[in-house]
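> Below are the structure tokens for one structure; questions will follow.
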Amino acid sequence: MTITYNALSGALAAQAALNTVSQNIANSQTKGYTRQGVLLQATASDPGTKSAGNGVQIGSLLRFSDSYKAQQMWRSNSELGSLSQVQPYLTQMETVMSDDKSSLSYGIDNFFKALNAAGVDPTSTPLRQQVITAADSMSQQFNSIYNVTAAQVISVQQQQQAILPQLNESLAGIAALNQQIVAVSGAGTNTSALQDKREQLIDSVASQVGVEVIMNPDGTASVSLKSGQPLVVSNMAASLEFVTTSGASTLTLTFAKSKFKLDDTKVGGQLGGLGNYKQNTLLPLQKSISEIAGQMAQMVNDQFSAGFKSDGTAGEPLLEFNPSSASGLLQVVDGFQTTDLAFSSDGTPGDSGNLQQLVGIKGKPITLSSLGSVLLGDADTQIVGKLGIDSQQNQSQLKTATTIRTQAEDDWKSTSAVNTDEEAINLVEFQNMYQANMKVIAVANTLFDSTLQMFG
């Protein structure tokens with residue numbers, strides 16, 4: 001009887017819908033889960049028959065996913081990853097360099113204050129010793145801050161290296177899931193769970209490097225860098241590594257036996273953010289500190305060499321500059337004594353002519369590759385100011401990126417996340433549908449029994 005078949009198809013459709021609802025509710029707290037549904041379609045009547053139809057069938061299983069919203073979420077994660085990795089380094093450098101008692105300015109100011117104080121009595125041994133002590137203290141502050149920059153360079157490089165294994169593993173996982181999705185979908189099996197896993201891996205990759213993602217008709221996802229180099233195509237995945245040649249480390253991408261050299265400052269995500277900070281902020285800062293130390297040491301030493309000691313002999317260098325050393329960038333010449341200070345300009349004991357020239361060095365210009373020509377006394381202040389601006393800009397951009405990422409996640413959830421209230425309504429509706437169809441089957445059985453009794 002058609003009535004029985006119709007009701008049975010309705011009961012089976014309701015049961016399938018209830019299974020989907022139960023799956024959604026069970027995964028309501030599962031991160032990255034995309035809610036599902038069923039598409040019900042009426043089954044047409046057989047040709048040549050005057051029938052309302054042959055019940056209902058499940059046209060397809062639905063996966064509530066919006067490609068645009070997913071893409072927005074991945075892009076926002078790349079920007080967030082880039083900015084969030086840099087801020088701790090900026091904050092550390094800003095704190096160290098702007099500290100009242102450990103900054104370069106503090107050390108430079110104290111050294112020139114000691115020189116100025118020695119002008120009261122150029123022959124005073126305590127005042128002379130104060131100059132040497134201040135020079136040594138200033139040198140240690142240069143060394144300490146320069147050492148922080150050197151340690152950050154190593155830390156950034158190590159962090160970049162640490163990102164690559166997880167990145168390569170995620171790329172291989174996406175390629176493997178592409179292969180599984182093609183195989184499973186060909187057998188008519190639902191691939192929603194596999195697609196969820198793949199999208200989570202893509203989101204993880206997006207936080208590490210900026211990506212472009214294309215969803216292909218066969219169900220695979222192609223992933224590439226924004227500059228176009230392939231990361232995943234079908235079931236093939238790229239791998240990234242740092243290759244060191246002649247002391248220089250280059251980020252290299254290998255895909256299908258082809259190698260691409262990448263600029264790690266432009267790959268986006270965490271990897272690109274770290275590379276950009278190292279190349280465009282940290283190394284220039286480190287170079288500026290070295291340039292201040294080197295040019296100041298040269299001017300001070302040249303001026304001391306132009307003067308005379310208390311015994312009338314020619315002056316000697318006070319500071320030793322070693323640009324190849326992170327811990328000994330600047331230091332007082334070993335064995336330098338108070339009697340070696342050449343304060344006199346003519347060899348006369350008590351003369352302070354050369355001392356006045358030494359005091360004036362603070363107001364002389366030096367040239368920094370990052371700032372151009374600046375006064376020695378203002379150089380550190382300008383460097384710290386620039387660093388502070390960079391840090392504030394990054395903080396502001398990070399705040400914006402965090403907001404954009406949150407909005408992107410909320411937009412994704414509005415389409416793809418499970419709404420338990422909505423599922424509760426669906427649960428009741430499909431339960432009523434199932435019960436109504438079972439009641440129709442009961443009515444059909446009653447009619448069938450009545451028909452049989454007519455012939456009994």
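Residues are named by chain letter and number: chains run A, B, ... in the order of the structure tokens, numbers start at 1 in each chain, and ligands are numbered from 1 in the order shown.
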So which residues touch segment 272-280 of chain A within 9 Å, counting only C-alpha atoms, skipping near sequence neighbours fewer than 6 positions away, as a list in words?
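Residues near the query, excluding close chain neighbours: Glu79, Gly81, Ser82, Leu83, Ser84, Gln85, Val86, Tyr89, Leu90, Gln152, Val153, Val156, Gln157, Gln159, Gln160, Gln208, Val209, Gly210, Asp263, Asp264, Thr265 and Lys266 of chain A.
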> Now that the selection is made, can you save its residues with N, CA and C atoms as a PDB file, in the first residue's frame?

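Saved file part-v1.pdb follows:
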ATOM      1  N   GLU A  79      47.528  37.586  10.386  1.00  0.00           N
ATOM      2  CA  GLU A  79      47.895  38.905  10.894  1.00  0.00           C
ATOM      3  C   GLU A  79      48.100  38.876  12.401  1.00  0.00           C
ATOM      4  N   GLY A  81      48.937  36.259  14.209  1.00  0.00           N
ATOM      5  CA  GLY A  81      50.149  35.500  14.494  1.00  0.00           C
ATOM      6  C   GLY A  81      51.397  36.346  14.315  1.00  0.00           C
ATOM      7  N   SER A  82      51.423  37.151  13.260  1.00  0.00           N
ATOM      8  CA  SER A  82      52.584  37.998  12.978  1.00  0.00           C
ATOM      9  C   SER A  82      52.816  39.007  14.094  1.00  0.00           C
ATOM     10  N   LEU A  83      51.773  39.692  14.507  1.00  0.00           N
ATOM     11  CA  LEU A  83      51.912  40.769  15.494  1.00  0.00           C
ATOM     12  C   LEU A  83      52.132  40.239  16.907  1.00  0.00           C
ATOM     13  N   SER A  84      51.486  39.134  17.246  1.00  0.00           N
ATOM     14  CA  SER A  84      51.579  38.613  18.609  1.00  0.00           C
ATOM     15  C   SER A  84      52.968  38.068  18.923  1.00  0.00           C
ATOM     16  N   GLN A  85      53.681  37.555  17.921  1.00  0.00           N
ATOM     17  CA  GLN A  85      55.013  37.013  18.161  1.00  0.00           C
ATOM     18  C   GLN A  85      56.040  38.107  18.413  1.00  0.00           C
ATOM     19  N   VAL A  86      55.814  39.278  17.850  1.00  0.00           N
ATOM     20  CA  VAL A  86      56.789  40.362  17.911  1.00  0.00           C
ATOM     21  C   VAL A  86      56.705  41.158  19.210  1.00  0.00           C
ATOM     22  N   TYR A  89      59.134  40.764  22.298  1.00  0.00           N
ATOM     23  CA  TYR A  89      60.499  41.238  22.042  1.00  0.00           C
ATOM     24  C   TYR A  89      60.567  42.767  22.090  1.00  0.00           C
ATOM     25  N   LEU A  90      59.586  43.429  21.487  1.00  0.00           N
ATOM     26  CA  LEU A  90      59.554  44.888  21.513  1.00  0.00           C
ATOM     27  C   LEU A  90      59.437  45.406  22.940  1.00  0.00           C
ATOM     28  N   GLN A 152      68.377  38.300  21.719  1.00  0.00           N
ATOM     29  CA  GLN A 152      67.106  38.298  20.996  1.00  0.00           C
ATOM     30  C   GLN A 152      67.272  37.749  19.577  1.00  0.00           C
ATOM     31  N   VAL A 153      68.375  38.080  18.925  1.00  0.00           N
ATOM     32  CA  VAL A 153      68.622  37.548  17.583  1.00  0.00           C
ATOM     33  C   VAL A 153      68.634  36.026  17.620  1.00  0.00           C
ATOM     34  N   VAL A 156      65.017  34.721  18.362  1.00  0.00           N
ATOM     35  CA  VAL A 156      64.140  34.808  17.196  1.00  0.00           C
ATOM     36  C   VAL A 156      64.447  33.686  16.209  1.00  0.00           C
ATOM     37  N   GLN A 157      65.726  33.459  15.971  1.00  0.00           N
ATOM     38  CA  GLN A 157      66.122  32.392  15.040  1.00  0.00           C
ATOM     39  C   GLN A 157      65.681  31.028  15.549  1.00  0.00           C
ATOM     40  N   GLN A 159      63.178  30.441  17.584  1.00  0.00           N
ATOM     41  CA  GLN A 159      61.721  30.369  17.521  1.00  0.00           C
ATOM     42  C   GLN A 159      61.246  30.095  16.097  1.00  0.00           C
ATOM     43  N   GLN A 160      61.913  30.701  15.130  1.00  0.00           N
ATOM     44  CA  GLN A 160      61.579  30.415  13.736  1.00  0.00           C
ATOM     45  C   GLN A 160      61.827  28.946  13.405  1.00  0.00           C
ATOM     46  N   GLN A 208      50.844  30.550  11.186  1.00  0.00           N
ATOM     47  CA  GLN A 208      52.302  30.477  11.068  1.00  0.00           C
ATOM     48  C   GLN A 208      52.841  31.167   9.823  1.00  0.00           C
ATOM     49  N   VAL A 209      52.085  31.105   8.719  1.00  0.00           N
ATOM     50  CA  VAL A 209      52.441  31.822   7.486  1.00  0.00           C
ATOM     51  C   VAL A 209      51.162  32.309   6.824  1.00  0.00           C
ATOM     52  N   GLY A 210      51.246  33.399   6.074  1.00  0.00           N
ATOM     53  CA  GLY A 210      50.078  33.874   5.342  1.00  0.00           C
ATOM     54  C   GLY A 210      49.766  32.951   4.177  1.00  0.00           C
ATOM     55  N   ASP A 263      61.814  35.000   1.207  1.00  0.00           N
ATOM     56  CA  ASP A 263      62.170  36.107   2.097  1.00  0.00           C
ATOM     57  C   ASP A 263      61.357  35.938   3.374  1.00  0.00           C
ATOM     58  N   ASP A 264      62.031  35.568   4.460  1.00  0.00           N
ATOM     59  CA  ASP A 264      61.279  35.257   5.687  1.00  0.00           C
ATOM     60  C   ASP A 264      60.641  36.484   6.309  1.00  0.00           C
ATOM     61  N   THR A 265      60.920  37.686   5.789  1.00  0.00           N
ATOM     62  CA  THR A 265      60.253  38.885   6.301  1.00  0.00           C
ATOM     63  C   THR A 265      58.897  39.097   5.644  1.00  0.00           C
ATOM     64  N   LYS A 266      58.609  38.334   4.579  1.00  0.00           N
ATOM     65  CA  LYS A 266      57.402  38.578   3.801  1.00  0.00           C
ATOM     66  C   LYS A 266      56.466  37.377   3.708  1.00  0.00           C
TER      67      LYS A 266
END
> Residues of segment 367-398 of chain A that approach segment 109-126 of chain A to 12 Å or less, counting only C-alpha atoms: could you list each one with the shortest pair of atoms and its distance in Å to one decimal, rows by chain and increasing residue number, as CSV?

residue,atom,partner,partner_atom,distance
A:Leu376,CA,A:Asp109,CA,10.3
A:Gly377,CA,A:Asp109,CA,7.6
A:Asp378,CA,A:Asp109,CA,10.4
A:Ala379,CA,A:Asp109,CA,11.8
A:Asp380,CA,A:Asp109,CA,10.8
A:Thr381,CA,A:Asp109,CA,11.7
> As an exercise, work out the distance from atom CA of Leu387 of chain A to atom CA of Ile145 of chain A in Å and give it to one decimal place.
13.7 Å
> With distances taken over only C-alpha atoms, which of A:Ser22, A:Ser9, A:Thr189, A:Ser370 is nearest to Glu423 of chain A?
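For Glu423 of chain A, the nearest of the candidates is A:Ser22.
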> Check the DSSP output for the backbone and give back, as a list in words, the residues of segment 298-347 of chain A in helix (DSSP H, G or I).
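Taking segment 298-347 of chain A and keeping helix (DSSP H, G or I) only, one gets Gln298, Met299, Val300, Asn301, Asp302, Gln303, Phe304, Ser305, Ala306, Thr338, Thr339 and Asp340 of chain A.
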> Near segment 72-77 of chain A, within 10 Å and counting only C-alpha atoms, which residues show up once chain neighbours fewer than 3 positions away are dropped, as number ranges by chain?
A: 67-69, 80-82, 199-200, 202-213, 268-270, 401-412
> Please dump the current selection as a CSV table (one decimal), in the first residue's frame; keep N, CA and C atoms.

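Result saved to again-v9.csv:
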chain,number,residue,atom,x,y,z
A,67,SER,N,32.6,29.5,2.7
A,67,SER,CA,34.0,29.6,2.3
A,67,SER,C,34.5,31.0,2.6
A,68,TYR,N,33.8,32.0,2.3
A,68,TYR,CA,34.2,33.4,2.5
A,68,TYR,C,34.6,33.7,4.0
A,69,LYS,N,33.7,33.2,4.9
A,69,LYS,CA,33.9,33.4,6.3
A,69,LYS,C,35.1,32.6,6.8
A,80,LEU,N,47.2,38.2,13.1
A,80,LEU,CA,47.3,38.1,14.6
A,80,LEU,C,48.6,37.3,14.9
A,81,GLY,N,48.9,36.3,14.2
A,81,GLY,CA,50.1,35.5,14.5
A,81,GLY,C,51.4,36.3,14.3
A,82,SER,N,51.4,37.2,13.3
A,82,SER,CA,52.6,38.0,13.0
A,82,SER,C,52.8,39.0,14.1
A,199,GLU,N,40.2,21.9,7.9
A,199,GLU,CA,40.1,23.4,8.1
A,199,GLU,C,40.8,23.8,9.4
A,200,GLN,N,40.8,23.0,10.4
A,200,GLN,CA,41.6,23.3,11.6
A,200,GLN,C,43.1,23.3,11.3
A,202,ILE,N,44.4,24.0,8.4
A,202,ILE,CA,44.6,25.2,7.6
A,202,ILE,C,44.7,26.4,8.5
A,203,ASP,N,43.8,26.5,9.5
A,203,ASP,CA,43.8,27.6,10.4
A,203,ASP,C,45.2,27.7,11.2
A,204,SER,N,45.7,26.5,11.5
A,204,SER,CA,47.0,26.4,12.2
A,204,SER,C,48.1,26.9,11.3
A,205,VAL,N,48.1,26.5,10.1
A,205,VAL,CA,49.1,26.9,9.1
A,205,VAL,C,49.0,28.4,8.9
A,206,ALA,N,47.8,28.9,8.8
A,206,ALA,CA,47.6,30.4,8.6
A,206,ALA,C,48.1,31.2,9.7
A,207,SER,N,48.2,30.7,10.9
A,207,SER,CA,48.8,31.4,12.0
A,207,SER,C,50.3,31.5,11.9
A,208,GLN,N,50.8,30.6,11.2
A,208,GLN,CA,52.3,30.5,11.1
A,208,GLN,C,52.8,31.2,9.8
A,209,VAL,N,52.1,31.1,8.7
A,209,VAL,CA,52.4,31.8,7.5
A,209,VAL,C,51.2,32.3,6.8
A,210,GLY,N,51.2,33.4,6.1
A,210,GLY,CA,50.1,33.9,5.3
A,210,GLY,C,49.8,33.0,4.2
A,211,VAL,N,48.5,32.6,4.0
A,211,VAL,CA,48.1,31.6,3.0
A,211,VAL,C,47.0,32.1,2.1
A,212,GLU,N,46.9,31.5,1.0
A,212,GLU,CA,45.7,31.6,0.1
A,212,GLU,C,45.2,30.1,-0.1
A,213,VAL,N,43.9,30.0,0.0
A,213,VAL,CA,43.3,28.6,0.0
A,213,VAL,C,42.2,28.6,-1.1
A,268,GLY,N,54.6,36.3,6.1
A,268,GLY,CA,53.4,36.5,6.9
A,268,GLY,C,53.3,35.5,8.1
A,269,GLY,N,52.3,35.7,8.9
A,269,GLY,CA,52.1,34.8,10.1
A,269,GLY,C,53.2,34.9,11.1
A,270,GLN,N,53.3,34.0,12.0
A,270,GLN,CA,54.4,34.0,13.0
A,270,GLN,C,55.8,34.0,12.4
A,401,ALA,N,44.0,43.6,15.3
A,401,ALA,CA,44.0,42.2,14.8
A,401,ALA,C,43.3,41.2,15.7
A,402,THR,N,43.4,41.4,17.0
A,402,THR,CA,42.7,40.5,17.9
A,402,THR,C,41.1,40.7,17.8
A,403,THR,N,40.7,42.0,17.6
A,403,THR,CA,39.3,42.3,17.4
A,403,THR,C,38.8,41.7,16.1
A,404,ILE,N,39.6,41.8,15.0
A,404,ILE,CA,39.2,41.3,13.7
A,404,ILE,C,39.1,39.8,13.8
A,405,ARG,N,40.0,39.2,14.4
A,405,ARG,CA,40.0,37.7,14.5
A,405,ARG,C,38.8,37.2,15.3
A,406,THR,N,38.5,37.9,16.4
A,406,THR,CA,37.3,37.6,17.2
A,406,THR,C,36.0,37.7,16.4
A,407,GLN,N,35.9,38.8,15.6
A,407,GLN,CA,34.8,39.1,14.7
A,407,GLN,C,34.7,38.0,13.7
A,408,ALA,N,35.8,37.6,13.1
A,408,ALA,CA,35.8,36.6,12.1
A,408,ALA,C,35.4,35.2,12.6
A,409,GLU,N,35.8,34.9,13.9
A,409,GLU,CA,35.3,33.7,14.5
A,409,GLU,C,33.8,33.7,14.8
A,410,ASP,N,33.4,34.9,15.2
A,410,ASP,CA,31.9,35.0,15.5
A,410,ASP,C,31.1,34.9,14.2
A,411,ASP,N,31.6,35.5,13.1
A,411,ASP,CA,30.9,35.3,11.8
A,411,ASP,C,30.9,33.9,11.4
A,412,TRP,N,32.0,33.2,11.6
A,412,TRP,CA,32.0,31.8,11.2
A,412,TRP,C,31.0,31.0,12.1
> If we count only C-alpha atoms, what is near Thr420 of chain A at a cut-off of 8 Å, once residues fewer than 2 positions away on the same chain are taken out, given as a PyMOL selection string?
chain A and resi 25+28+418+422-424
> Atom CA of Ser310 of chain A and atom CA of Gly363 of chain A are how many Å apart?
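Here the two named atoms are 26.2 Å from each other.
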> Give the answer as one residue: which of A:Ser369, A:Asn322, A:Ser65, A:Gln303 has the shortest atom-to-atom distance to Gly353 of chain A, using only C-alpha atoms?
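With only C-alpha atoms as the atom set, the closest residue is A:Gln303.
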> List every residue of segment 70-295 of chain A that DSSP, applied to the backbone of this structure, places in strand (DSSP E or B), and write the result as a PyMOL selection string.
chain A and resi 211-215+221-225+230-233+236-237+239-245+248-255+258-262
> Write a file of the just-selected residues containing N, CA and C atoms, as a short mmCIF file (atom, residue, chain, number, x, y, z; two decimals), in the first residue's frame.

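Listing of selection-v2.cif after writing:
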data_model
loop_
_atom_site.label_atom_id
_atom_site.label_comp_id
_atom_site.auth_asym_id
_atom_site.auth_seq_id
_atom_site.Cartn_x
_atom_site.Cartn_y
_atom_site.Cartn_z
N VAL A 211 48.50 32.56 4.02
CA VAL A 211 48.15 31.58 2.99
C VAL A 211 46.97 32.05 2.13
N GLU A 212 46.90 31.46 0.95
CA GLU A 212 45.73 31.56 0.08
C GLU A 212 45.21 30.15 -0.10
N VAL A 213 43.89 29.97 0.02
CA VAL A 213 43.29 28.63 -0.05
C VAL A 213 42.24 28.60 -1.15
N ILE A 214 42.30 27.58 -1.99
CA ILE A 214 41.32 27.37 -3.05
C ILE A 214 40.67 26.00 -2.84
N MET A 215 39.33 25.98 -2.76
CA MET A 215 38.58 24.73 -2.64
C MET A 215 38.26 24.22 -4.04
N ALA A 221 41.66 20.73 -1.16
CA ALA A 221 41.98 22.13 -0.88
C ALA A 221 43.42 22.39 -1.30
N SER A 222 43.63 23.42 -2.11
CA SER A 222 44.99 23.82 -2.51
C SER A 222 45.42 25.01 -1.66
N VAL A 223 46.58 24.89 -1.06
CA VAL A 223 47.08 25.93 -0.16
C VAL A 223 48.40 26.46 -0.71
N SER A 224 48.54 27.77 -0.74
CA SER A 224 49.78 28.38 -1.23
C SER A 224 50.13 29.59 -0.38
N LEU A 225 51.39 30.02 -0.46
CA LEU A 225 51.78 31.27 0.17
C LEU A 225 51.17 32.43 -0.60
N PRO A 230 53.55 27.02 -3.89
CA PRO A 230 52.59 26.02 -3.41
C PRO A 230 53.00 25.40 -2.08
N LEU A 231 52.01 25.21 -1.22
CA LEU A 231 52.24 24.50 0.04
C LEU A 231 51.58 23.12 0.02
N VAL A 232 50.34 23.06 -0.51
CA VAL A 232 49.63 21.79 -0.65
C VAL A 232 48.87 21.80 -1.97
N VAL A 233 49.07 20.77 -2.77
CA VAL A 233 48.29 20.57 -3.99
C VAL A 233 47.87 19.11 -4.01
N MET A 236 49.93 16.22 -2.33
CA MET A 236 51.35 16.56 -2.24
C MET A 236 51.53 17.78 -1.34
N ALA A 237 52.52 17.71 -0.44
CA ALA A 237 52.76 18.80 0.51
C ALA A 237 54.20 19.30 0.38
N SER A 239 57.62 21.28 2.08
CA SER A 239 58.30 21.34 3.37
C SER A 239 59.20 22.56 3.38
N LEU A 240 59.33 23.19 4.53
CA LEU A 240 60.14 24.39 4.67
C LEU A 240 61.28 24.14 5.64
N GLU A 241 62.42 24.76 5.35
CA GLU A 241 63.59 24.63 6.21
C GLU A 241 64.49 25.84 6.02
N PHE A 242 65.34 26.08 7.02
CA PHE A 242 66.36 27.12 6.89
C PHE A 242 67.65 26.46 6.43
N VAL A 243 68.16 26.91 5.29
CA VAL A 243 69.39 26.37 4.72
C VAL A 243 70.50 27.39 4.93
N THR A 244 71.59 26.96 5.58
CA THR A 244 72.70 27.86 5.86
C THR A 244 73.79 27.68 4.82
N THR A 245 74.13 28.76 4.14
CA THR A 245 75.19 28.77 3.14
C THR A 245 76.11 29.95 3.39
N ALA A 248 75.09 32.43 6.02
CA ALA A 248 73.79 33.08 5.89
C ALA A 248 72.69 32.02 5.84
N SER A 249 71.64 32.25 6.61
CA SER A 249 70.52 31.30 6.69
C SER A 249 69.37 31.79 5.82
N THR A 250 68.90 30.93 4.91
CA THR A 250 67.83 31.29 3.98
C THR A 250 66.65 30.34 4.12
N LEU A 251 65.45 30.87 4.24
CA LEU A 251 64.25 30.05 4.30
C LEU A 251 63.99 29.46 2.91
N THR A 252 63.90 28.13 2.85
CA THR A 252 63.76 27.44 1.56
C THR A 252 62.55 26.52 1.59
N LEU A 253 61.75 26.60 0.52
CA LEU A 253 60.56 25.75 0.37
C LEU A 253 60.84 24.71 -0.70
N THR A 254 60.57 23.45 -0.37
CA THR A 254 60.75 22.36 -1.33
C THR A 254 59.40 21.75 -1.66
N PHE A 255 59.06 21.70 -2.95
CA PHE A 255 57.79 21.11 -3.38
C PHE A 255 58.04 20.34 -4.68
N SER A 258 61.21 20.72 -6.47
CA SER A 258 61.55 22.09 -6.83
C SER A 258 61.81 22.89 -5.56
N LYS A 259 62.82 23.75 -5.59
CA LYS A 259 63.17 24.53 -4.41
C LYS A 259 62.92 26.02 -4.67
N PHE A 260 62.38 26.69 -3.67
CA PHE A 260 62.10 28.12 -3.77
C PHE A 260 62.76 28.82 -2.58
N LYS A 261 63.58 29.84 -2.85
CA LYS A 261 64.13 30.65 -1.77
C LYS A 261 63.13 31.73 -1.39
N LEU A 262 62.85 31.83 -0.09
CA LEU A 262 61.83 32.75 0.39
C LEU A 262 62.44 33.85 1.23
#
> Using only C-alpha atoms, which protein or nucleic acid residues come within 8 Å of segment 38-40 of chain A? Drop anything in the same chain fewer than 2 positions from it, and give the result as a list in words.
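Skipping anything fewer than 2 positions along the chain leaves Ala13, Ala16, Ala17, Thr20, Gln36, Ala42, Val56, Gln57, Ile58, Gly59, Ser60, Leu61 and Leu62 of chain A.
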> Only N, CA and C atoms, please: the residues just picked out, written as a CSV table (one decimal), in the first residue's frame.

chain,number,residue,atom,x,y,z
A,13,ALA,N,13.3,9.1,7.1
A,13,ALA,CA,13.8,10.4,6.9
A,13,ALA,C,13.9,11.2,8.2
A,16,ALA,N,16.8,9.8,10.1
A,16,ALA,CA,18.1,10.3,9.7
A,16,ALA,C,18.3,11.7,10.2
A,17,ALA,N,17.3,12.5,10.1
A,17,ALA,CA,17.4,13.9,10.6
A,17,ALA,C,17.7,13.9,12.1
A,20,THR,N,21.3,13.3,12.7
A,20,THR,CA,22.1,14.5,12.4
A,20,THR,C,22.0,15.5,13.6
A,36,GLN,N,25.7,20.1,10.8
A,36,GLN,CA,25.2,19.4,9.7
A,36,GLN,C,23.6,19.4,9.7
A,42,ALA,N,10.7,15.6,-1.8
A,42,ALA,CA,9.6,14.8,-2.1
A,42,ALA,C,9.9,13.8,-3.2
A,56,VAL,N,9.0,10.6,0.8
A,56,VAL,CA,10.1,11.6,1.0
A,56,VAL,C,11.5,10.8,0.9
A,57,GLN,N,12.5,11.5,0.5
A,57,GLN,CA,13.8,10.9,0.5
A,57,GLN,C,14.8,12.0,0.9
A,58,ILE,N,16.0,11.5,1.4
A,58,ILE,CA,17.1,12.4,1.8
A,58,ILE,C,17.9,12.8,0.5
A,59,GLY,N,17.7,14.0,0.1
A,59,GLY,CA,18.4,14.5,-1.1
A,59,GLY,C,19.9,14.5,-0.9
A,60,SER,N,20.4,15.0,0.3
A,60,SER,CA,21.8,15.1,0.6
A,60,SER,C,22.0,15.4,2.1
A,61,LEU,N,23.2,15.2,2.6
A,61,LEU,CA,23.5,15.7,3.9
A,61,LEU,C,24.2,17.1,3.7
A,62,LEU,N,23.7,18.0,4.5
A,62,LEU,CA,24.2,19.4,4.4
A,62,LEU,C,25.3,19.7,5.4
> Pick out the closest residue to Ala162 of chain A from this set: A:Leu271, A:Lys364, A:Gly315, A:Ile174. Count only C-alpha atoms.
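Nearest candidate to Ala162 of chain A out of A:Leu271, A:Lys364, A:Gly315, A:Ile174: A:Leu271.
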> Quick one: which segment 138-160 of chain A residues come within 10 Å of segment 293-302 of chain A, and what is the nearest atom pair for each with the distance in Å to one decimal, counting only C-alpha atoms, rows ordered by chain and ascending number, as CSV?

residue,atom,partner,partner_atom,distance
A:Met138,CA,A:Ala293,CA,9.8
A:Ser139,CA,A:Ala293,CA,8.4
A:Phe142,CA,A:Ala293,CA,7.3
A:Asn143,CA,A:Ala293,CA,9.5
> Write out, as a PDB file, in the first residue's frame, the residues just selected, with C-alpha atoms.

ATOM      1  CA  MET A 138      79.147  53.277  30.715  1.00  0.00           C
ATOM      2  CA  SER A 139      80.940  50.473  28.878  1.00  0.00           C
ATOM      3  CA  PHE A 142      76.592  49.343  26.396  1.00  0.00           C
ATOM      4  CA  ASN A 143      77.654  45.714  26.700  1.00  0.00           C
TER       5      ASN A 143
END
> Just the number, please: distance in Å from atom CA of Ser137 of chain A to atom CA of Val333 of chain A, one decimal.
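Rounded to one decimal, the two atoms are 13.1 Å apart.
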